[in-house]
$ cat structure_21.pdb   # PDB, C-alpha atoms, pLDDT in the B column
ATOM      1  CA  MET A  16     -31.881 137.175  49.411  1.00 43.00           C
ATOM      2  CA  SER A  17     -30.039 133.998  48.473  1.00 45.00           C
ATOM      3  CA  ASP A  18     -27.088 136.089  47.251  1.00 49.00           C
ATOM      4  CA  ILE A  19     -26.385 137.154  50.840  1.00 50.00           C
ATOM      5  CA  LYS A  20     -26.399 133.575  52.109  1.00 56.00           C
ATOM      6  CA  THR A  21     -24.041 132.312  49.387  1.00 59.00           C
ATOM      7  CA  GLY A  22     -21.579 135.161  49.765  1.00 63.00           C
ATOM      8  CA  ILE A  23     -22.067 136.287  46.165  1.00 64.00           C
ATOM      9  CA  ASN A  24     -21.499 140.005  45.772  1.00 62.00           C
ATOM     10  CA  PRO A  25     -24.690 141.514  44.297  1.00 65.00           C
ATOM     11  CA  LEU A  26     -22.567 144.478  43.172  1.00 67.00           C
ATOM     12  CA  PHE A  27     -20.896 142.512  40.374  1.00 70.00           C
ATOM     13  CA  LEU A  28     -21.158 145.423  37.945  1.00 79.00           C
ATOM     14  CA  ARG A  29     -18.814 147.654  39.933  1.00 85.00           C
ATOM     15  CA  GLU A  30     -15.672 148.830  38.142  1.00 87.00           C
ATOM     16  CA  GLU A  31     -13.350 146.608  40.181  1.00 88.00           C
ATOM     17  CA  GLU A  32     -15.462 143.500  39.517  1.00 88.00           C
ATOM     18  CA  LEU A  33     -15.541 144.244  35.783  1.00 90.00           C
ATOM     19  CA  ARG A  34     -11.778 144.854  35.684  1.00 93.00           C
ATOM     20  CA  GLN A  35     -11.206 141.599  37.521  1.00 93.00           C
ATOM     21  CA  GLY A  36     -13.359 139.796  34.935  1.00 93.00           C
ATOM     22  CA  ILE A  37     -11.220 141.229  32.140  1.00 95.00           C
ATOM     23  CA  GLU A  38      -8.015 140.210  33.915  1.00 97.00           C
ATOM     24  CA  LEU A  39      -9.330 136.714  34.606  1.00 96.00           C
ATOM     25  CA  LEU A  40      -9.992 136.279  30.882  1.00 96.00           C
ATOM     26  CA  PHE A  41      -6.443 137.400  30.051  1.00 97.00           C
ATOM     27  CA  PHE A  42      -4.838 135.088  32.603  1.00 97.00           C
ATOM     28  CA  ALA A  43      -7.107 132.152  31.761  1.00 96.00           C
ATOM     29  CA  TYR A  44      -6.355 132.490  28.046  1.00 96.00           C
ATOM     30  CA  ARG A  45      -2.617 132.737  28.722  1.00 97.00           C
ATOM     31  CA  ASP A  46      -2.631 129.583  30.827  1.00 96.00           C
ATOM     32  CA  PHE A  47      -5.111 127.738  28.593  1.00 96.00           C
ATOM     33  CA  THR A  48      -2.868 128.235  25.560  1.00 96.00           C
ATOM     34  CA  ALA A  49       0.557 127.791  27.210  1.00 96.00           C
ATOM     35  CA  GLU A  50       0.941 124.022  26.770  1.00 96.00           C
ATOM     36  CA  PRO A  51      -0.394 123.951  23.198  1.00 97.00           C
ATOM     37  CA  ASP A  52       1.839 126.935  22.332  1.00 97.00           C
ATOM     38  CA  ALA A  53       4.903 124.969  23.437  1.00 97.00           C
ATOM     39  CA  ILE A  54       3.865 121.962  21.325  1.00 97.00           C
ATOM     40  CA  LEU A  55       3.090 124.183  18.319  1.00 97.00           C
ATOM     41  CA  GLY A  56       6.509 125.797  18.675  1.00 97.00           C
ATOM     42  CA  GLU A  57       8.156 122.406  18.151  1.00 97.00           C
ATOM     43  CA  TYR A  58       6.519 122.317  14.700  1.00 97.00           C
ATOM     44  CA  GLY A  59       7.222 125.960  13.875  1.00 96.00           C
ATOM     45  CA  PHE A  60       3.485 126.659  14.176  1.00 97.00           C
ATOM     46  CA  GLY A  61       1.548 129.331  16.062  1.00 96.00           C
ATOM     47  CA  ARG A  62      -1.942 129.892  17.399  1.00 96.00           C
ATOM     48  CA  ALA A  63      -3.395 130.481  13.932  1.00 96.00           C
ATOM     49  CA  HIS A  64      -2.289 126.954  12.992  1.00 97.00           C
ATOM     50  CA  HIS A  65      -3.878 125.641  16.183  1.00 97.00           C
ATOM     51  CA  ARG A  66      -7.230 127.270  15.433  1.00 97.00           C
ATOM     52  CA  VAL A  67      -7.253 125.919  11.873  1.00 98.00           C
ATOM     53  CA  ILE A  68      -6.322 122.402  13.017  1.00 98.00           C
ATOM     54  CA  TYR A  69      -8.910 122.513  15.793  1.00 98.00           C
ATOM     55  CA  PHE A  70     -11.849 123.646  13.660  1.00 98.00           C
ATOM     56  CA  VAL A  71     -11.000 121.413  10.706  1.00 98.00           C
ATOM     57  CA  GLY A  72     -10.870 118.536  13.208  1.00 98.00           C
ATOM     58  CA  ARG A  73     -14.226 119.525  14.710  1.00 96.00           C
ATOM     59  CA  HIS A  74     -15.843 119.949  11.283  1.00 97.00           C
ATOM     60  CA  PRO A  75     -14.353 117.457   8.792  1.00 97.00           C
ATOM     61  CA  GLY A  76     -15.143 118.561   5.250  1.00 96.00           C
ATOM     62  CA  ILE A  77     -15.510 122.223   6.265  1.00 97.00           C
ATOM     63  CA  THR A  78     -15.193 124.649   3.388  1.00 95.00           C
ATOM     64  CA  VAL A  79     -12.519 127.320   3.318  1.00 95.00           C
ATOM     65  CA  SER A  80     -15.331 129.897   3.279  1.00 93.00           C
ATOM     66  CA  ASP A  81     -16.941 128.481   6.432  1.00 95.00           C
ATOM     67  CA  LEU A  82     -13.560 128.330   8.151  1.00 97.00           C
ATOM     68  CA  LEU A  83     -12.994 131.995   7.282  1.00 96.00           C
ATOM     69  CA  ASP A  84     -16.387 132.806   8.847  1.00 94.00           C
ATOM     70  CA  ILE A  85     -15.446 131.049  12.078  1.00 95.00           C
ATOM     71  CA  LEU A  86     -11.924 132.423  12.377  1.00 96.00           C
ATOM     72  CA  ARG A  87     -12.671 135.933  11.090  1.00 93.00           C
ATOM     73  CA  ILE A  88      -9.275 136.290   9.497  1.00 92.00           C
ATOM     74  CA  THR A  89      -8.320 137.423   6.017  1.00 92.00           C
ATOM     75  CA  LYS A  90      -8.064 135.014   3.097  1.00 93.00           C
ATOM     76  CA  GLN A  91      -4.390 135.933   2.885  1.00 94.00           C
ATOM     77  CA  SER A  92      -3.748 134.943   6.520  1.00 92.00           C
ATOM     78  CA  LEU A  93      -5.635 131.680   6.155  1.00 95.00           C
ATOM     79  CA  SER A  94      -3.905 130.937   2.864  1.00 95.00           C
ATOM     80  CA  ARG A  95      -0.461 131.222   4.469  1.00 96.00           C
ATOM     81  CA  VAL A  96      -1.372 128.980   7.441  1.00 97.00           C
ATOM     82  CA  LEU A  97      -3.404 126.492   5.419  1.00 97.00           C
ATOM     83  CA  GLY A  98      -0.711 126.258   2.756  1.00 96.00           C
ATOM     84  CA  GLN A  99       1.843 125.286   5.381  1.00 97.00           C
ATOM     85  CA  LEU A 100      -0.496 122.720   6.975  1.00 98.00           C
ATOM     86  CA  VAL A 101      -1.267 121.172   3.573  1.00 97.00           C
ATOM     87  CA  THR A 102       2.402 121.147   2.481  1.00 97.00           C
ATOM     88  CA  GLU A 103       3.411 119.480   5.744  1.00 98.00           C
ATOM     89  CA  LYS A 104       0.549 116.969   5.365  1.00 98.00           C
ATOM     90  CA  PHE A 105      -1.542 117.879   8.414  1.00 98.00           C
ATOM     91  CA  ILE A 106      -4.570 118.812   6.268  1.00 98.00           C
ATOM     92  CA  THR A 107      -5.893 117.627   2.918  1.00 97.00           C
ATOM     93  CA  GLN A 108      -8.010 119.626   0.484  1.00 95.00           C
ATOM     94  CA  ARG A 109     -10.455 118.235  -2.017  1.00 92.00           C
ATOM     95  CA  PRO A 110     -12.927 119.887  -4.358  1.00 85.00           C
ATOM     96  CA  GLY A 111     -16.594 120.138  -3.343  1.00 78.00           C
ATOM     97  CA  LEU A 112     -19.052 117.600  -4.706  1.00 80.00           C
ATOM     98  CA  ARG A 113     -21.527 120.150  -6.081  1.00 81.00           C
ATOM     99  CA  ASP A 114     -19.209 123.089  -6.595  1.00 79.00           C
ATOM    100  CA  ARG A 115     -15.742 122.023  -7.732  1.00 77.00           C
ATOM    101  CA  ARG A 116     -14.415 125.502  -6.856  1.00 81.00           C
ATOM    102  CA  GLN A 117     -15.054 124.822  -3.181  1.00 85.00           C
ATOM    103  CA  ARG A 118     -12.209 123.392  -1.174  1.00 90.00           C
ATOM    104  CA  LEU A 119     -13.211 120.910   1.518  1.00 95.00           C
ATOM    105  CA  LEU A 120     -10.722 120.469   4.345  1.00 97.00           C
ATOM    106  CA  GLU A 121      -9.951 117.424   6.469  1.00 97.00           C
ATOM    107  CA  LEU A 122      -7.214 116.445   8.869  1.00 98.00           C
ATOM    108  CA  THR A 123      -4.806 113.753   7.777  1.00 98.00           C
ATOM    109  CA  GLU A 124      -3.770 111.046  10.239  1.00 98.00           C
ATOM    110  CA  LYS A 125      -0.842 113.265  11.158  1.00 98.00           C
ATOM    111  CA  GLY A 126      -3.236 116.181  11.665  1.00 98.00           C
ATOM    112  CA  VAL A 127      -5.587 114.110  13.814  1.00 98.00           C
ATOM    113  CA  GLU A 128      -2.679 113.135  16.042  1.00 98.00           C
ATOM    114  CA  LEU A 129      -1.512 116.738  16.461  1.00 98.00           C
ATOM    115  CA  GLU A 130      -5.066 117.946  17.139  1.00 98.00           C
ATOM    116  CA  ARG A 131      -5.472 115.231  19.788  1.00 98.00           C
ATOM    117  CA  LEU A 132      -2.170 116.160  21.414  1.00 97.00           C
ATOM    118  CA  LEU A 133      -3.068 119.861  21.517  1.00 97.00           C
ATOM    119  CA  THR A 134      -6.655 119.364  22.652  1.00 96.00           C
ATOM    120  CA  GLU A 135      -6.111 116.676  25.299  1.00 96.00           C
ATOM    121  CA  ARG A 136      -4.269 119.099  27.566  1.00 91.00           C
ATOM    122  CA  GLN A 137      -6.898 121.784  27.194  1.00 96.00           C
ATOM    123  CA  ARG A 138      -9.683 119.240  27.636  1.00 97.00           C
ATOM    124  CA  ALA A 139      -8.082 117.956  30.854  1.00 96.00           C
ATOM    125  CA  ARG A 140      -7.765 121.522  32.190  1.00 96.00           C
ATOM    126  CA  ILE A 141     -11.421 122.253  31.474  1.00 97.00           C
ATOM    127  CA  ALA A 142     -12.609 118.895  32.860  1.00 97.00           C
ATOM    128  CA  ARG A 143     -10.669 119.429  36.103  1.00 97.00           C
ATOM    129  CA  THR A 144     -12.002 122.958  36.472  1.00 97.00           C
ATOM    130  CA  TYR A 145     -15.582 121.899  35.716  1.00 97.00           C
ATOM    131  CA  ARG A 146     -15.377 119.100  38.320  1.00 98.00           C
ATOM    132  CA  GLU A 147     -14.022 121.498  40.937  1.00 97.00           C
ATOM    133  CA  ALA A 148     -16.608 124.201  40.183  1.00 97.00           C
ATOM    134  CA  GLY A 149     -19.716 122.000  39.964  1.00 96.00           C
ATOM    135  CA  ALA A 150     -22.636 121.868  37.549  1.00 95.00           C
ATOM    136  CA  GLU A 151     -24.284 125.131  38.601  1.00 96.00           C
ATOM    137  CA  ALA A 152     -21.050 127.104  38.190  1.00 96.00           C
ATOM    138  CA  VAL A 153     -20.402 125.461  34.811  1.00 95.00           C
ATOM    139  CA  GLU A 154     -23.833 126.530  33.587  1.00 94.00           C
ATOM    140  CA  GLY A 155     -23.180 130.062  34.847  1.00 94.00           C
ATOM    141  CA  PHE A 156     -19.809 130.090  33.086  1.00 94.00           C
ATOM    142  CA  ARG A 157     -21.467 128.919  29.888  1.00 94.00           C
ATOM    143  CA  LYS A 158     -24.013 131.749  30.100  1.00 93.00           C
ATOM    144  CA  VAL A 159     -21.269 134.319  30.621  1.00 94.00           C
ATOM    145  CA  MET A 160     -19.155 132.961  27.753  1.00 94.00           C
ATOM    146  CA  LEU A 161     -22.162 132.874  25.407  1.00 93.00           C
ATOM    147  CA  GLY A 162     -22.876 136.468  26.384  1.00 92.00           C
ATOM    148  CA  LEU A 163     -19.352 137.417  25.303  1.00 94.00           C
ATOM    149  CA  VAL A 164     -19.766 135.724  21.907  1.00 93.00           C
ATOM    150  CA  ASP A 165     -21.258 137.902  19.157  1.00 92.00           C
ATOM    151  CA  GLU A 166     -24.949 137.212  18.785  1.00 91.00           C
ATOM    152  CA  ALA A 167     -24.532 135.972  15.203  1.00 89.00           C
ATOM    153  CA  ASP A 168     -22.324 133.107  16.420  1.00 90.00           C
ATOM    154  CA  ARG A 169     -24.348 132.047  19.470  1.00 90.00           C
ATOM    155  CA  GLY A 170     -26.416 129.700  17.329  1.00 89.00           C
ATOM    156  CA  ARG A 171     -23.318 127.528  16.887  1.00 89.00           C
ATOM    157  CA  PHE A 172     -23.810 126.376  20.480  1.00 88.00           C
ATOM    158  CA  PRO A 173     -26.889 124.297  21.225  1.00 84.00           C
ATOM    159  CA  THR A 174     -28.978 125.369  24.198  1.00 78.00           C
ATOM    160  CA  ARG A 175     -29.079 123.091  27.198  1.00 68.00           C
ATOM    161  CA  ALA A 176     -32.357 121.479  28.185  1.00 56.00           C
ATOM    162  CA  ALA A 177     -33.564 122.306  31.673  1.00 49.00           C
ATOM    163  CA  GLY A 178     -33.168 119.670  34.348  1.00 45.00           C
ATOM    164  CA  PRO A 179     -30.445 117.154  35.146  1.00 47.00           C
ATOM    165  CA  ARG A 180     -28.616 115.335  32.371  1.00 42.00           C
ATOM    166  CA  ARG A 181     -28.757 111.585  32.320  1.00 39.00           C
ATOM    167  CA  GLY A 182     -26.289 109.125  30.918  1.00 39.00           C
ATOM    168  CA  GLY A 183     -22.896 109.478  29.287  1.00 37.00           C
TER     169      GLY A 183
END
$ encode --input "structure_21.pdb" --output "structure tokens"
Amino acid sequence: MSDIKTGINPLFLREEELRQGIELLFFAYRDFTAEPDAILGEYGFGRAHHRVIYFVGRHPGITVSDLLDILRITKQSLSRVLGQLVTEKFITQRPGLRDRRQRLLELTEKGVELERLLTERQRARIARTYREAGAEAVEGFRKVMLGLVDEADRGRFPTRAAGPRRGG
């Protein structure tokens, strides 16, 4: 009953609604990556470099194996991108503490600066959109996005506690 009052179409599984969802994802991704793509281009980097920089920044000390699991790319592809980022001093590698064969990855100061530059624009876009949409819409968006993520990876995202959030 509340769907009628809010103007939400209860027929959201119709072909046109589904197609529009697909198109919205394409357009959103295009626009979400446009500014970082331009910055990456100045360095001769692409989106693969961005993903590596982002996840190494989010998980300092991540192993190459764990990064491969997140990115789902071949070792050869990662090796090419990672080699360039290490050579150009955006990322450092060090052996693991327990297993010296492991390579632990961290951003250098130069890498931290590039990651900040790339992420600040995307963060601002998301923050603006979240503010405009409101908390209920953000939670709905989160549910939809989690539904699109393969089940095996959903555990990477902590569940939200029910009720309003307090503090910072």
$ resolve_selection --input "structure_21.pdb" --expression "the PyMOL selection byres ((chain A and resi 129) around 12)" --output "count of residues only"
30
$ residues_around --input "structure_21.pdb" --residues "range 107-111 of chain A" --least-positions-apart "5" --cutoff "10 Å" --atoms "all atoms listed in the file" --output "list in words"
Gly76, Ile77, Thr78, Val79, Leu97, Leu100, Val101, Thr102, Arg116, Gln117, Arg118, Leu119, Leu120, Glu121, Leu122, Thr123 and Gly126 of chain A
$ write_last_selection --input "structure_21.pdb" --atoms "C-alpha atoms" --output "CSV table (one decimal), keeping the file's coordinate frame"
chain,number,residue,atom,x,y,z
A,76,GLY,CA,-15.1,118.6,5.2
A,77,ILE,CA,-15.5,122.2,6.3
A,78,THR,CA,-15.2,124.6,3.4
A,79,VAL,CA,-12.5,127.3,3.3
A,97,LEU,CA,-3.4,126.5,5.4
A,100,LEU,CA,-0.5,122.7,7.0
A,101,VAL,CA,-1.3,121.2,3.6
A,102,THR,CA,2.4,121.1,2.5
A,116,ARG,CA,-14.4,125.5,-6.9
A,117,GLN,CA,-15.1,124.8,-3.2
A,118,ARG,CA,-12.2,123.4,-1.2
A,119,LEU,CA,-13.2,120.9,1.5
A,120,LEU,CA,-10.7,120.5,4.3
A,121,GLU,CA,-10.0,117.4,6.5
A,122,LEU,CA,-7.2,116.4,8.9
A,123,THR,CA,-4.8,113.8,7.8
A,126,GLY,CA,-3.2,116.2,11.7
$ atom_distance --input "structure_21.pdb" --atom1 "CA of Leu82 in chain A" --atom2 "CA of Asp114 in chain A"
16.6 Å
$ resolve_selection --input "structure_21.pdb" --expression "the PyMOL selection byres ((chain A and resi 140) around 12)" --output "PyMOL selection string"
chain A and resi 43-44+46-51+133-139+141-147
$ atom_distance --input "structure_21.pdb" --atom1 "CA of Gly36 in chain A" --atom2 "CA of Ala152 in chain A"
15.2 Å
$ closest_residue --input "structure_21.pdb" --among "A:Leu93, A:Leu112, A:Glu154, A:Thr174" --to "Ser80 in chain A" --atoms "only C-alpha atoms"
A:Leu93
$ atom_distance --input "structure_21.pdb" --atom1 "CA of Lys90 in chain A" --atom2 "CA of Phe70 in chain A"
16.0 Å
